[in-house]
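Colleague: Below you'll find query_13.txt; it's compact mmCIF, C-alpha atoms.
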# COMPACT_ATOMS: atom_id res chain seq x y z
CA MET R 1 15.67 22.97 -34.87
CA THR R 2 11.97 23.65 -35.37
CA ASN R 3 11.77 20.33 -37.09
CA GLU R 4 13.12 18.66 -33.94
CA THR R 5 10.64 20.42 -31.70
CA THR R 6 7.67 19.45 -33.81
CA ARG R 7 8.89 15.86 -33.75
CA TYR R 8 9.07 15.84 -29.97
CA LYS R 9 5.66 17.47 -29.78
CA ASP R 10 4.33 14.84 -32.12
CA ILE R 11 5.76 12.01 -29.97
CA LEU R 12 4.26 13.60 -26.87
CA PHE R 13 0.84 14.11 -28.44
CA LYS R 14 0.80 10.58 -29.79
CA GLY R 15 1.46 8.99 -26.41
CA ILE R 16 -0.81 11.19 -24.36
CA TRP R 17 -3.81 11.33 -26.67
CA ARG R 18 -3.83 9.92 -30.18
CA GLU R 19 -2.27 6.55 -29.40
CA ASN R 20 -2.98 6.58 -25.70
CA PRO R 21 -1.55 3.37 -24.18
CA VAL R 22 -4.74 2.41 -22.36
CA ALA R 23 -7.42 3.72 -24.70
CA TYR R 24 -5.77 2.99 -28.05
CA GLN R 25 -3.09 0.36 -27.52
CA VAL R 26 -5.15 -1.32 -24.77
CA LEU R 27 -2.05 -1.90 -22.63
CA GLY R 28 -1.79 -1.72 -18.87
CA ILE R 29 -5.44 -2.55 -18.27
CA CYS R 30 -4.76 -4.86 -15.32
CA SER R 31 -3.06 -2.22 -13.22
CA ALA R 32 -5.64 0.32 -14.33
CA LEU R 33 -8.24 -1.88 -12.66
CA ALA R 34 -6.24 -2.37 -9.50
CA VAL R 35 -5.01 1.08 -8.55
CA THR R 36 -7.95 3.27 -9.49
CA VAL R 37 -10.05 2.90 -6.36
CA LYS R 38 -8.50 6.07 -4.98
CA MET R 39 -7.08 9.13 -6.74
CA SER R 40 -3.98 9.34 -4.56
CA THR R 41 -2.69 5.88 -5.47
CA ALA R 42 -3.53 6.46 -9.13
CA ILE R 43 -1.47 9.66 -9.22
CA VAL R 44 1.58 8.14 -7.56
CA MET R 45 1.35 5.02 -9.71
CA GLY R 46 1.14 7.20 -12.83
CA LEU R 47 4.23 9.16 -11.79
CA ALA R 48 6.23 6.05 -10.92
CA LEU R 49 5.31 4.37 -14.20
CA THR R 50 6.19 7.48 -16.21
CA LEU R 51 9.64 7.58 -14.64
CA VAL R 52 10.33 3.88 -15.11
CA THR R 53 9.10 3.84 -18.71
CA ALA R 54 11.15 6.88 -19.63
CA CYS R 55 14.38 5.64 -18.01
CA SER R 56 14.12 2.04 -19.14
CA SER R 57 13.25 3.09 -22.70
CA MET R 58 16.29 5.34 -22.73
CA ILE R 59 18.63 2.65 -21.42
CA ILE R 60 17.29 0.01 -23.80
CA SER R 61 17.47 2.40 -26.71
CA SER R 62 21.09 3.20 -25.97
CA MET R 63 21.88 -0.52 -26.06
CA ARG R 64 19.70 -1.23 -29.10
CA ASN R 65 22.62 -1.96 -31.40
CA LYS R 66 24.17 -4.35 -28.91
CA ILE R 67 21.15 -6.37 -27.80
CA PRO R 68 21.07 -9.72 -29.67
CA SER R 69 17.58 -9.94 -31.18
CA ASN R 70 16.88 -13.49 -29.99
CA ILE R 71 17.21 -12.62 -26.32
CA ARG R 72 15.96 -9.07 -26.55
CA ILE R 73 12.78 -9.58 -24.50
CA ILE R 74 14.73 -11.10 -21.62
CA ALA R 75 17.29 -8.32 -21.84
CA GLU R 76 14.56 -5.67 -21.81
CA LEU R 77 12.86 -7.30 -18.85
CA ALA R 78 16.14 -7.52 -16.95
CA VAL R 79 16.69 -3.79 -17.41
CA ILE R 80 13.10 -2.92 -16.44
CA ALA R 81 13.05 -5.23 -13.42
CA SER R 82 16.35 -3.91 -12.09
CA MET R 83 15.15 -0.34 -12.51
CA VAL R 84 11.95 -1.06 -10.63
CA ILE R 85 13.71 -2.85 -7.78
CA VAL R 86 16.26 -0.07 -7.38
CA THR R 87 13.44 2.51 -7.38
CA ASP R 88 11.64 0.49 -4.73
CA GLU R 89 14.73 0.24 -2.53
CA ILE R 90 15.35 3.97 -2.81
CA LEU R 91 11.73 4.74 -1.94
CA LYS R 92 11.93 2.46 1.10
CA ALA R 93 15.07 4.16 2.32
CA PHE R 94 14.21 7.80 1.74
CA TYR R 95 10.45 8.05 1.26
CA TYR R 96 9.23 5.29 3.53
CA ASP R 97 5.69 6.62 3.88
CA ILE R 98 5.12 6.89 0.14
CA SER R 99 6.56 3.45 -0.41
CA LYS R 100 4.25 2.04 2.23
CA GLN R 101 1.29 3.65 0.52
CA LEU R 102 2.27 2.21 -2.84
CA SER R 103 2.91 -1.21 -1.30
CA ILE R 104 2.73 -3.80 -4.06
CA PHE R 105 2.17 -1.35 -6.90
CA VAL R 106 5.85 -0.54 -7.33
CA GLY R 107 6.58 -4.20 -7.97
CA LEU R 108 3.61 -4.34 -10.32
CA ILE R 109 5.26 -1.83 -12.65
CA ILE R 110 7.50 -4.68 -13.86
CA THR R 111 4.49 -6.54 -15.16
CA ASN R 112 2.96 -3.47 -16.75
CA CYS R 113 2.76 -4.12 -20.47
CA ILE R 114 3.27 -0.46 -21.32
CA VAL R 115 6.90 -0.50 -20.22
CA LEU R 116 7.77 -3.58 -22.23
CA GLY R 117 5.46 -2.53 -25.06
CA ARG R 118 7.20 0.82 -25.53
CA ALA R 119 10.63 -0.80 -25.27
CA GLU R 120 9.68 -3.24 -28.02
CA ALA R 121 7.75 -0.91 -30.26
CA PHE R 122 9.71 2.31 -29.94
CA ALA R 123 13.00 2.13 -28.03
CA LEU R 124 14.50 -0.61 -30.22
CA ALA R 125 14.08 1.52 -33.34
CA ASN R 126 14.75 5.06 -32.13
CA ASN R 127 17.49 7.08 -30.46
CA PRO R 128 17.71 7.43 -26.66
CA LEU R 129 16.35 10.97 -26.41
CA ASP R 130 13.30 10.21 -28.56
CA SER R 131 12.74 7.04 -26.53
CA PHE R 132 12.93 9.00 -23.29
CA ILE R 133 10.30 11.44 -24.53
CA ASP R 134 8.17 8.58 -25.81
CA GLY R 135 8.36 6.97 -22.36
CA ILE R 136 7.30 10.21 -20.70
CA SER R 137 4.40 10.74 -23.09
CA ASN R 138 3.09 7.20 -22.74
CA GLY R 139 3.44 7.40 -18.97
CA LEU R 140 1.46 10.63 -18.96
CA GLY R 141 -1.17 9.14 -21.24
CA TYR R 142 -1.51 6.23 -18.85
CA SER R 143 -1.69 8.59 -15.86
CA LEU R 144 -4.38 10.63 -17.59
CA VAL R 145 -6.64 7.61 -18.01
CA LEU R 146 -5.84 6.29 -14.53
CA ILE R 147 -6.63 9.59 -12.84
CA SER R 148 -9.89 10.04 -14.77
CA VAL R 149 -11.03 6.53 -13.89
CA ALA R 150 -9.97 6.97 -10.25
CA PHE R 151 -11.80 10.30 -10.06
CA ILE R 152 -15.06 8.75 -11.21
CA ARG R 153 -14.65 5.66 -9.03
CA GLU R 154 -13.74 7.57 -5.90
CA LEU R 155 -16.53 10.08 -6.42
CA LEU R 156 -19.28 7.54 -7.06
CA GLY R 157 -17.91 4.78 -4.84
CA ALA R 158 -16.97 6.73 -1.74
CA GLY R 159 -18.30 10.23 -2.34
CA GLU R 160 -14.77 11.57 -2.01
CA CYS R 161 -12.09 13.26 -4.06
CA LEU R 162 -8.45 12.79 -2.99
CA GLY R 163 -9.76 11.60 0.37
CA TYR R 164 -11.93 14.69 1.02
CA GLN R 165 -15.67 14.24 1.33
CA ILE R 166 -17.29 15.88 -1.72
CA ILE R 167 -20.87 14.73 -1.59
CA PRO R 168 -22.48 16.59 1.33
CA SER R 169 -24.18 14.67 4.10
CA PHE R 170 -27.68 16.07 3.44
CA ILE R 171 -27.74 14.18 0.15
CA TYR R 172 -26.97 10.99 2.07
CA ASN R 173 -29.73 11.86 4.51
CA ALA R 174 -32.09 12.22 1.57
CA GLY R 175 -31.44 8.58 0.71
CA TYR R 176 -28.40 8.71 -1.58
CA GLN R 177 -26.02 5.79 -1.25
CA ASN R 178 -22.46 5.23 -2.42
CA MET R 179 -22.24 2.86 -5.36
CA GLY R 180 -20.45 -0.20 -4.01
CA LEU R 181 -19.86 -1.58 -7.51
CA MET R 182 -17.47 1.29 -8.22
CA LEU R 183 -15.07 0.06 -5.55
CA LEU R 184 -14.79 -3.35 -7.16
CA ALA R 185 -12.90 -4.28 -10.31
CA PRO R 186 -16.00 -4.58 -12.55
CA GLY R 187 -16.75 -0.91 -11.89
CA ALA R 188 -13.38 -0.01 -13.37
CA PHE R 189 -14.08 -2.20 -16.40
CA PHE R 190 -17.27 -0.30 -17.18
CA ILE R 191 -15.62 3.08 -16.78
CA ILE R 192 -12.57 2.20 -18.86
CA GLY R 193 -14.87 0.87 -21.55
CA LEU R 194 -16.93 4.06 -21.56
CA LEU R 195 -13.78 6.21 -21.59
CA VAL R 196 -12.32 4.31 -24.56
CA TRP R 197 -15.61 4.72 -26.42
CA PHE R 198 -15.72 8.43 -25.57
CA LYS R 199 -12.11 9.01 -26.62
CA ASN R 200 -12.41 7.09 -29.87
CA SER R 201 -15.63 8.80 -30.86
CA ILE R 202 -13.96 12.21 -30.42
CA THR R 203 -10.90 11.16 -32.43
CA GLU R 204 -13.02 9.65 -35.14
CA SER R 205 -15.32 12.62 -35.58
CA LYS R 206 -12.18 14.73 -36.03
CA ASN R 207 -10.99 12.55 -38.87
CA MET U 1 28.18 -9.04 -40.64
CA SER U 2 24.78 -7.92 -39.44
CA ASP U 3 24.39 -11.35 -37.87
CA ASP U 4 27.43 -10.71 -35.77
CA LYS U 5 25.60 -9.54 -32.66
CA ASN U 6 23.41 -12.65 -32.86
CA SER U 7 26.31 -15.09 -32.86
CA LYS U 8 26.27 -17.59 -30.01
CA LYS U 9 29.34 -16.09 -28.46
CA ASN U 10 27.89 -12.60 -28.44
CA VAL U 11 24.55 -13.71 -27.07
CA ILE U 12 26.19 -15.46 -24.14
CA GLN U 13 28.57 -12.59 -23.59
CA PHE U 14 25.78 -10.04 -23.61
CA ALA U 15 23.56 -12.09 -21.31
CA LEU U 16 26.40 -12.59 -18.83
CA MET U 17 27.36 -8.93 -18.87
CA LEU U 18 23.78 -7.76 -18.40
CA SER U 19 23.15 -10.20 -15.55
CA VAL U 20 26.31 -9.17 -13.74
CA VAL U 21 25.61 -5.46 -14.13
CA CYS U 22 21.97 -5.79 -13.07
CA SER U 23 22.70 -8.00 -10.08
CA LEU U 24 25.50 -5.71 -8.91
CA LEU U 25 23.15 -2.75 -9.18
CA ILE U 26 20.41 -4.45 -7.19
CA THR U 27 22.68 -5.90 -4.51
CA GLY U 28 24.38 -2.57 -4.20
CA ALA U 29 21.11 -0.74 -3.72
CA ALA U 30 19.67 -3.35 -1.37
CA SER U 31 22.67 -3.71 0.94
CA GLY U 32 23.71 -0.09 0.78
CA LEU U 33 20.30 1.18 1.80
CA LYS U 34 19.47 -1.60 4.26
CA LYS U 35 20.43 0.36 7.35
CA LEU U 36 18.27 3.32 6.43
CA GLN U 37 15.34 1.06 5.60
CA GLN U 38 15.54 -0.81 8.89
CA GLU U 39 15.62 2.45 10.78
CA ASN U 40 12.48 3.53 8.95
CA ILE U 41 10.74 0.28 9.83
CA LYS U 42 11.69 0.60 13.50
CA LEU U 43 10.42 4.16 13.61
CA ASP U 44 7.21 3.15 11.88
CA LYS U 45 6.64 0.44 14.49
CA LYS U 46 6.96 3.03 17.24
CA VAL U 47 4.57 5.36 15.41
CA ASN U 48 1.97 2.60 15.28
CA ILE U 49 2.40 1.67 18.94
CA LEU U 50 1.84 5.34 19.77
CA LYS U 51 -1.17 5.46 17.47
CA ALA U 52 -2.75 2.47 19.22
CA ALA U 53 -2.28 4.25 22.53
CA ASN U 54 -3.88 7.41 21.05
CA LEU U 55 -0.70 9.38 21.64
CA ILE U 56 -0.67 10.21 17.93
CA ASP U 57 -3.92 11.21 16.27
CA GLY U 58 -5.38 10.03 13.00
CA ASN U 59 -3.13 9.50 10.01
CA ASN U 60 -0.55 12.04 11.16
CA LYS U 61 3.12 11.30 11.41
CA PRO U 62 5.02 13.79 13.55
CA ALA U 63 8.71 14.56 13.23
CA LYS U 64 11.20 11.89 14.22
CA ASP U 65 12.35 13.52 17.46
CA VAL U 66 8.75 13.99 18.62
CA ILE U 67 8.05 10.32 18.00
CA LEU U 68 11.14 9.19 19.88
CA ARG U 69 10.37 11.50 22.81
CA LEU U 70 6.76 10.34 23.10
CA TYR U 71 7.88 6.73 22.90
CA GLN U 72 10.54 7.20 25.54
CA GLU U 73 8.20 9.03 27.91
CA HIS U 74 5.09 6.92 27.59
CA ILE U 75 5.85 3.43 26.31
CA LYS U 76 7.52 0.59 28.15
CA GLU U 77 8.12 -2.80 26.67
CA GLY U 78 7.28 -5.78 28.85
CA MET U 79 6.93 -9.53 28.95
CA VAL U 80 4.46 -11.69 30.83
CA ASN U 81 4.20 -15.43 31.37
CA GLN U 82 1.08 -17.44 30.63
CA LYS U 83 -0.49 -16.52 33.94
CA GLY U 84 -0.18 -12.86 33.04
CA GLN U 85 2.57 -12.17 35.56
CA ALA U 86 5.37 -9.87 34.49
CA VAL U 87 8.70 -11.54 33.95
CA LYS U 88 12.10 -10.01 33.41
CA THR U 89 13.79 -12.50 31.19
CA GLU U 90 12.64 -14.79 28.44
CA THR U 91 12.52 -18.05 30.42
CA ASP U 92 10.63 -20.20 27.95
CA THR U 93 8.94 -19.99 24.58
CA ASN U 94 5.51 -19.21 26.00
CA ILE U 95 6.48 -15.72 27.06
CA LEU U 96 4.16 -13.04 25.67
CA HIS U 97 5.42 -9.63 24.62
CA LEU U 98 3.47 -6.45 25.15
CA TYR U 99 3.82 -2.73 25.74
CA TYR U 100 2.57 -0.63 28.62
CA TYR U 101 1.65 2.99 28.12
CA HIS U 102 2.01 5.14 31.17
CA THR U 103 2.14 8.68 32.48
CA ASN U 104 4.91 9.11 35.04
CA ASN U 105 5.00 5.35 35.69
CA VAL U 106 1.25 5.09 36.38
CA ILE U 107 -0.07 2.57 33.89
CA ASP U 108 -2.79 3.98 31.64
CA GLY U 109 -3.19 0.74 29.75
CA TYR U 110 -1.46 -1.93 27.73
CA ILE U 111 -0.85 -2.61 24.06
CA LEU U 112 -0.91 -6.08 22.54
CA PRO U 113 0.81 -6.92 19.28
CA ILE U 114 -1.62 -8.46 16.80
CA ASN U 115 -0.04 -10.83 14.35
CA THR U 116 -2.47 -12.64 12.10
CA LYS U 117 -3.06 -13.77 8.59
CA GLY U 118 -5.08 -11.57 6.30
CA LEU U 119 -6.57 -12.23 2.90
CA TRP U 120 -3.29 -11.88 0.97
CA GLY U 121 -0.63 -11.96 3.65
CA LYS U 122 0.26 -11.23 7.23
CA ILE U 123 -1.41 -8.39 9.10
CA GLN U 124 0.67 -6.93 11.91
CA GLY U 125 -0.76 -4.34 14.22
CA TYR U 126 -1.39 -3.24 17.77
CA LEU U 127 -4.51 -3.25 19.93
CA ALA U 128 -4.47 -1.07 23.03
CA PHE U 129 -6.60 -1.42 26.16
CA GLU U 130 -7.40 0.89 29.01
CA ASN U 131 -6.25 -0.19 32.45
CA ASP U 132 -9.68 -1.66 33.26
CA GLY U 133 -8.67 -4.67 31.17
CA GLN U 134 -11.76 -4.66 28.98
CA THR U 135 -12.16 -1.37 27.09
CA VAL U 136 -10.31 -1.01 23.81
CA SER U 137 -8.56 2.32 23.59
CA GLY U 138 -7.08 2.08 20.12
CA PHE U 139 -5.96 0.02 17.19
CA SER U 140 -3.27 0.44 14.56
CA VAL U 141 -1.83 -1.53 11.69
CA PHE U 142 1.90 -1.69 11.15
CA SER U 143 2.11 -3.84 8.05
CA HIS U 144 -0.30 -5.67 5.78
CA SER U 145 -0.67 -6.79 2.19
CA GLU U 146 -4.42 -6.30 1.76
CA THR U 147 -5.91 -4.81 -1.40
CA PRO U 148 -5.33 -1.05 -1.34
CA GLY U 149 -8.59 0.87 -1.16
CA LEU U 150 -10.47 -2.18 0.09
CA GLY U 151 -8.89 -4.34 2.81
CA GLY U 152 -6.00 -1.90 2.91
CA GLU U 153 -8.30 0.62 4.56
CA ILE U 154 -7.68 -1.15 7.88
CA GLU U 155 -4.64 1.09 8.33
CA ASN U 156 -6.65 4.28 7.90
CA ALA U 157 -7.85 6.48 10.73
CA TRP U 158 -11.58 6.24 9.90
CA PHE U 159 -11.52 2.47 10.37
CA ARG U 160 -9.18 2.41 13.35
CA LYS U 161 -10.99 5.06 15.38
CA ASN U 162 -14.11 2.88 15.60
CA PHE U 163 -12.29 0.51 17.93
CA LYS U 164 -12.07 3.11 20.67
CA GLY U 165 -14.46 2.35 23.53
CA LYS U 166 -15.42 -1.15 22.40
CA LYS U 167 -15.61 -3.82 25.11
CA ILE U 168 -14.21 -7.33 25.08
CA LEU U 169 -16.55 -8.43 27.87
CA ASN U 170 -20.31 -8.84 27.51
CA SER U 171 -22.86 -7.78 30.11
CA GLN U 172 -22.32 -11.06 32.02
CA ASN U 173 -18.59 -10.25 32.19
CA LYS U 174 -17.75 -13.09 29.84
CA PHE U 175 -14.94 -12.73 27.29
CA VAL U 176 -16.31 -12.21 23.77
CA SER U 177 -13.49 -10.30 22.02
CA VAL U 178 -14.04 -7.50 19.48
CA GLY U 179 -14.64 -8.12 15.82
CA ILE U 180 -15.25 -6.47 12.50
CA ALA U 181 -18.89 -6.48 11.46
CA LYS U 182 -20.09 -7.39 8.00
CA GLY U 183 -21.53 -4.03 7.06
CA LYS U 184 -22.43 -1.34 9.54
CA VAL U 185 -22.55 -1.83 13.30
CA LYS U 186 -25.87 0.02 13.57
CA ASN U 187 -27.56 -2.86 11.70
CA LEU U 188 -26.49 -5.37 14.36
CA PRO U 189 -28.59 -6.38 17.38
CA LYS U 190 -28.20 -3.91 20.28
CA ASN U 191 -26.36 -6.31 22.60
CA LEU U 192 -23.64 -6.96 20.00
CA GLN U 193 -23.00 -3.37 19.01
CA GLU U 194 -20.34 -2.70 21.59
CA HIS U 195 -18.26 -5.67 20.46
CA TYR U 196 -18.10 -4.81 16.77
CA VAL U 197 -16.69 -2.08 14.54
CA ASP U 198 -17.96 -1.05 11.09
CA GLY U 199 -16.78 -3.36 8.34
CA ILE U 200 -15.31 -2.29 5.00
CA SER U 201 -17.48 -2.93 1.96
CA GLY U 202 -15.63 -5.11 -0.52
CA ALA U 203 -13.31 -6.42 2.19
CA THR U 204 -15.41 -8.92 4.10
CA LEU U 205 -12.67 -11.54 4.18
CA THR U 206 -10.03 -9.16 5.50
CA GLY U 207 -12.44 -8.33 8.31
CA LYS U 208 -13.09 -11.99 9.00
CA TYR U 209 -9.41 -12.89 9.26
CA LEU U 210 -8.65 -9.84 11.37
CA SER U 211 -11.52 -10.64 13.76
CA GLU U 212 -10.25 -14.20 14.13
CA GLY U 213 -6.70 -13.02 14.69
CA ILE U 214 -7.74 -10.49 17.32
CA LYS U 215 -9.79 -13.10 19.13
CA ALA U 216 -6.91 -15.61 19.14
CA THR U 217 -4.49 -12.99 20.47
CA LEU U 218 -6.87 -11.76 23.14
CA THR U 219 -7.50 -15.32 24.30
CA LYS U 220 -3.78 -15.78 24.81
CA TYR U 221 -3.46 -12.55 26.76
CA GLU U 222 -6.69 -13.05 28.72
CA PRO U 223 -4.89 -13.91 32.02
CA LEU U 224 -3.16 -10.54 31.87
CA SER U 225 -6.42 -8.75 31.12
CA ILE U 226 -7.97 -10.48 34.15
CA LEU U 227 -5.21 -9.08 36.35
CA PHE U 228 -5.96 -5.63 34.98
CA ARG U 229 -9.67 -6.09 35.71
CA GLN U 230 -8.83 -7.02 39.30
CA LYS U 231 -6.88 -3.76 39.54
CA ASP U 232 -3.72 -5.63 40.45
CA LEU U 233 -1.63 -3.65 38.02
CA LYS U 234 -1.29 0.06 38.60
CA THR U 235 2.27 1.19 38.41
CA LEU U 236 5.38 0.08 36.61
CA ASP U 237 7.57 -1.71 39.12
CA ASN U 238 10.79 -0.06 38.07
So that I can check it, write out the structure of this file as structure tokens.
Modeller:
Amino acid sequence: MTNETTRYKDILFKGIWRENPVAYQVLGICSALAVTVKMSTAIVMGLALTLVTACSSMIISSMRNKIPSNIRIIAELAVIASMVIVTDEILKAFYYDISKQLSIFVGLIITNCIVLGRAEAFALANNPLDSFIDGISNGLGYSLVLISVAFIRELLGAGECLGYQIIPSFIYNAGYQNMGLMLLAPGAFFIIGLLVWFKNSITESKN
Amino acid sequence: MSDDKNSKKNVIQFALMLSVVCSLLITGAASGLKKLQQENIKLDKKVNILKAANLIDGNNKPAKDVILRLYQEHIKEGMVNQKGQAVKTETDTNILHLYYYHTNNVIDGYILPINTKGLWGKIQGYLAFENDGQTVSGFSVFSHSETPGLGGEIENAWFRKNFKGKKILNSQNKFVSVGIAKGKVKNLPKNLQEHYVDGISGATLTGKYLSEGIKATLTKYEPLSILFRQKDLKTLDN
């Protein structure tokens, strides 16, 4: 039993930190650029992706002995795409305001390489429960990076945090200006690059 | 036998099964939830009409019954012909739709639907005027596909509230429309300031398309606005 728990912990730790999907596997960069202008969208996107990755990994893993290997990518995509569309429909029906806020991002989950990447790399070789936990951990790892990037971008780009003004107006009066670059995609590139460097230098010094 | 699941028969069988299951799931979800979704969209339209008329503040969304009550008490849908005169039935294709907002049948102003292209897709919203036919009283966006955080900010209260009080007539009483400035309004020449609202940095094109769309719509509805300026319209006739 303890053996099991340590294994789950290990899977969780791997996804969130050691083999973080964005910082280590360099997956999901495109959406990390797009949704990190504001913290609120980054948080919801992280949650939605965590759910979809976990569920689709579990479903694919439970079919792993049945999926013919030469059409496995298409089969995985079909499962992921259906999951995302159903999620979107449910959001539109019951949580209309959230779905409006997320707009195109829900659809973008389909194209997120993390979902397919985890299905390929983990779910096809492991049992459903492990795959579910792996999905959760990678989703959380992705959310962690997304939220950190969004925090920096929102703070420097708009002077806000979760939509609340953080930088007081007297600093603006003293000549401070918001950094417009942070609101554009290149700003995210710089920050993700710095974060990856930061994360890898910590991990390396530990080894 | 390990090749068994990769035999042609199994591949086709699996692909067919998966497609059928997935499509059933999606169709089921889409058609089963359609009614709820359409109700949400209808309600959201009403919320945005109320927002344009300043009957709902900021980014708030009150409870459903409050929305329906406000809408019932203050909003009336109407149609006008090209001369701006109210008509009862849709006689030809040139009929323009609009909404009046009123207090006990005294018209406080009118709301025009804005329907224009944006940078990535259609922008649909509402622009409300006071009953003097030239002062903007509010603006709201019902649906858009602009970049969230950049052009998508057009639906947020900070952007929308800047429309309030802007004029569509210049000091010579000529029609000039309202537009979205490139940058801040305070950097514009004095005589233009009351026809522009602050732009969104990083979303210049969204602003450009929206300005063009607003101008096109206002030009179409100009005959009606003229009637309002002449004070010909005061009460709802029924």
Colleague: Using Å and a single decimal, report how far atom CA of Phe159 of chain U sits from atom CA of Leu112 of chain U.
Modeller: 18.3 Å
Colleague: Please return, as JSON, numbers by chain, all residues of chain R lying within 9 Å of chain U when all atoms listed in the file are considered.
Modeller: {"R": [34, 35, 36, 37, 38, 41, 65, 66, 67, 68, 69, 70, 71, 74, 75, 78, 79, 81, 82, 83, 85, 86, 89, 90, 92, 93, 94, 96, 97, 100, 101, 102, 103, 104, 180, 181, 183, 184]}
Colleague: I need the residues from that last selection saved to file as an mmCIF file, in the frame of the given file (with C-alpha atoms), if you can.
Modeller:
data_model
loop_
_atom_site.group_PDB
_atom_site.id
_atom_site.type_symbol
_atom_site.label_atom_id
_atom_site.label_comp_id
_atom_site.auth_asym_id
_atom_site.auth_seq_id
_atom_site.Cartn_x
_atom_site.Cartn_y
_atom_site.Cartn_z
ATOM 1 C CA ALA R 34 -6.240 -2.370 -9.500
ATOM 2 C CA VAL R 35 -5.010 1.080 -8.550
ATOM 3 C CA THR R 36 -7.950 3.270 -9.490
ATOM 4 C CA VAL R 37 -10.050 2.900 -6.360
ATOM 5 C CA LYS R 38 -8.500 6.070 -4.980
ATOM 6 C CA THR R 41 -2.690 5.880 -5.470
ATOM 7 C CA ASN R 65 22.620 -1.960 -31.400
ATOM 8 C CA LYS R 66 24.170 -4.350 -28.910
ATOM 9 C CA ILE R 67 21.150 -6.370 -27.800
ATOM 10 C CA PRO R 68 21.070 -9.720 -29.670
ATOM 11 C CA SER R 69 17.580 -9.940 -31.180
ATOM 12 C CA ASN R 70 16.880 -13.490 -29.990
ATOM 13 C CA ILE R 71 17.210 -12.620 -26.320
ATOM 14 C CA ILE R 74 14.730 -11.100 -21.620
ATOM 15 C CA ALA R 75 17.290 -8.320 -21.840
ATOM 16 C CA ALA R 78 16.140 -7.520 -16.950
ATOM 17 C CA VAL R 79 16.690 -3.790 -17.410
ATOM 18 C CA ALA R 81 13.050 -5.230 -13.420
ATOM 19 C CA SER R 82 16.350 -3.910 -12.090
ATOM 20 C CA MET R 83 15.150 -0.340 -12.510
ATOM 21 C CA ILE R 85 13.710 -2.850 -7.780
ATOM 22 C CA VAL R 86 16.260 -0.070 -7.380
ATOM 23 C CA GLU R 89 14.730 0.240 -2.530
ATOM 24 C CA ILE R 90 15.350 3.970 -2.810
ATOM 25 C CA LYS R 92 11.930 2.460 1.100
ATOM 26 C CA ALA R 93 15.070 4.160 2.320
ATOM 27 C CA PHE R 94 14.210 7.800 1.740
ATOM 28 C CA TYR R 96 9.230 5.290 3.530
ATOM 29 C CA ASP R 97 5.690 6.620 3.880
ATOM 30 C CA LYS R 100 4.250 2.040 2.230
ATOM 31 C CA GLN R 101 1.290 3.650 0.520
ATOM 32 C CA LEU R 102 2.270 2.210 -2.840
ATOM 33 C CA SER R 103 2.910 -1.210 -1.300
ATOM 34 C CA ILE R 104 2.730 -3.800 -4.060
ATOM 35 C CA GLY R 180 -20.450 -0.200 -4.010
ATOM 36 C CA LEU R 181 -19.860 -1.580 -7.510
ATOM 37 C CA LEU R 183 -15.070 0.060 -5.550
ATOM 38 C CA LEU R 184 -14.790 -3.350 -7.160
#
Colleague: Quote the spacing between atom CA of Leu205 of chain U and atom CA of Thr116 of chain U in Å to one decimal place.
Modeller: 13.0 Å
Colleague: Could you give me, as a PyMOL selection string, the residues within 9 Å of Tyr8 of chain R, counting all atoms listed in the file and dropping anything in the same chain fewer than 6 positions from it?
Modeller: chain R and resi 130+133-134
Colleague: Between atom CA of Tyr209 of chain U and atom CA of Ala188 of chain R, what is the spacing in Å?
Modeller: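 These atoms are spaced 26.3 Å apart.
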Colleague: So that I can see what lies close to Ser31 of chain R, please list as a PyMOL selection string the residues with an atom at most 12 Å from it, counting only C-alpha atoms and leaving out residues fewer than 2 positions away in the same chain.
Modeller: chain R and resi 22+26-29+33-37+41-42+45-46+49+104-114+142-143+145-146+149-150+185+188-189+192
Colleague: With C-alpha atoms kept, could you save the residues just selected as a tab-separated table (two decimals), in the coordinates of the input?
Modeller:
chain	number	residue	atom	x	y	z
R	22	VAL	CA	-4.74	2.41	-22.36
R	26	VAL	CA	-5.15	-1.32	-24.77
R	27	LEU	CA	-2.05	-1.90	-22.63
R	28	GLY	CA	-1.79	-1.72	-18.87
R	29	ILE	CA	-5.44	-2.55	-18.27
R	33	LEU	CA	-8.24	-1.88	-12.66
R	34	ALA	CA	-6.24	-2.37	-9.50
R	35	VAL	CA	-5.01	1.08	-8.55
R	36	THR	CA	-7.95	3.27	-9.49
R	37	VAL	CA	-10.05	2.90	-6.36
R	41	THR	CA	-2.69	5.88	-5.47
R	42	ALA	CA	-3.53	6.46	-9.13
R	45	MET	CA	1.35	5.02	-9.71
R	46	GLY	CA	1.14	7.20	-12.83
R	49	LEU	CA	5.31	4.37	-14.20
R	104	ILE	CA	2.73	-3.80	-4.06
R	105	PHE	CA	2.17	-1.35	-6.90
R	106	VAL	CA	5.85	-0.54	-7.33
R	107	GLY	CA	6.58	-4.20	-7.97
R	108	LEU	CA	3.61	-4.34	-10.32
R	109	ILE	CA	5.26	-1.83	-12.65
R	110	ILE	CA	7.50	-4.68	-13.86
R	111	THR	CA	4.49	-6.54	-15.16
R	112	ASN	CA	2.96	-3.47	-16.75
R	113	CYS	CA	2.76	-4.12	-20.47
R	114	ILE	CA	3.27	-0.46	-21.32
R	142	TYR	CA	-1.51	6.23	-18.85
R	143	SER	CA	-1.69	8.59	-15.86
R	145	VAL	CA	-6.64	7.61	-18.01
R	146	LEU	CA	-5.84	6.29	-14.53
R	149	VAL	CA	-11.03	6.53	-13.89
R	150	ALA	CA	-9.97	6.97	-10.25
R	185	ALA	CA	-12.90	-4.28	-10.31
R	188	ALA	CA	-13.38	-0.01	-13.37
R	189	PHE	CA	-14.08	-2.20	-16.40
R	192	ILE	CA	-12.57	2.20	-18.86
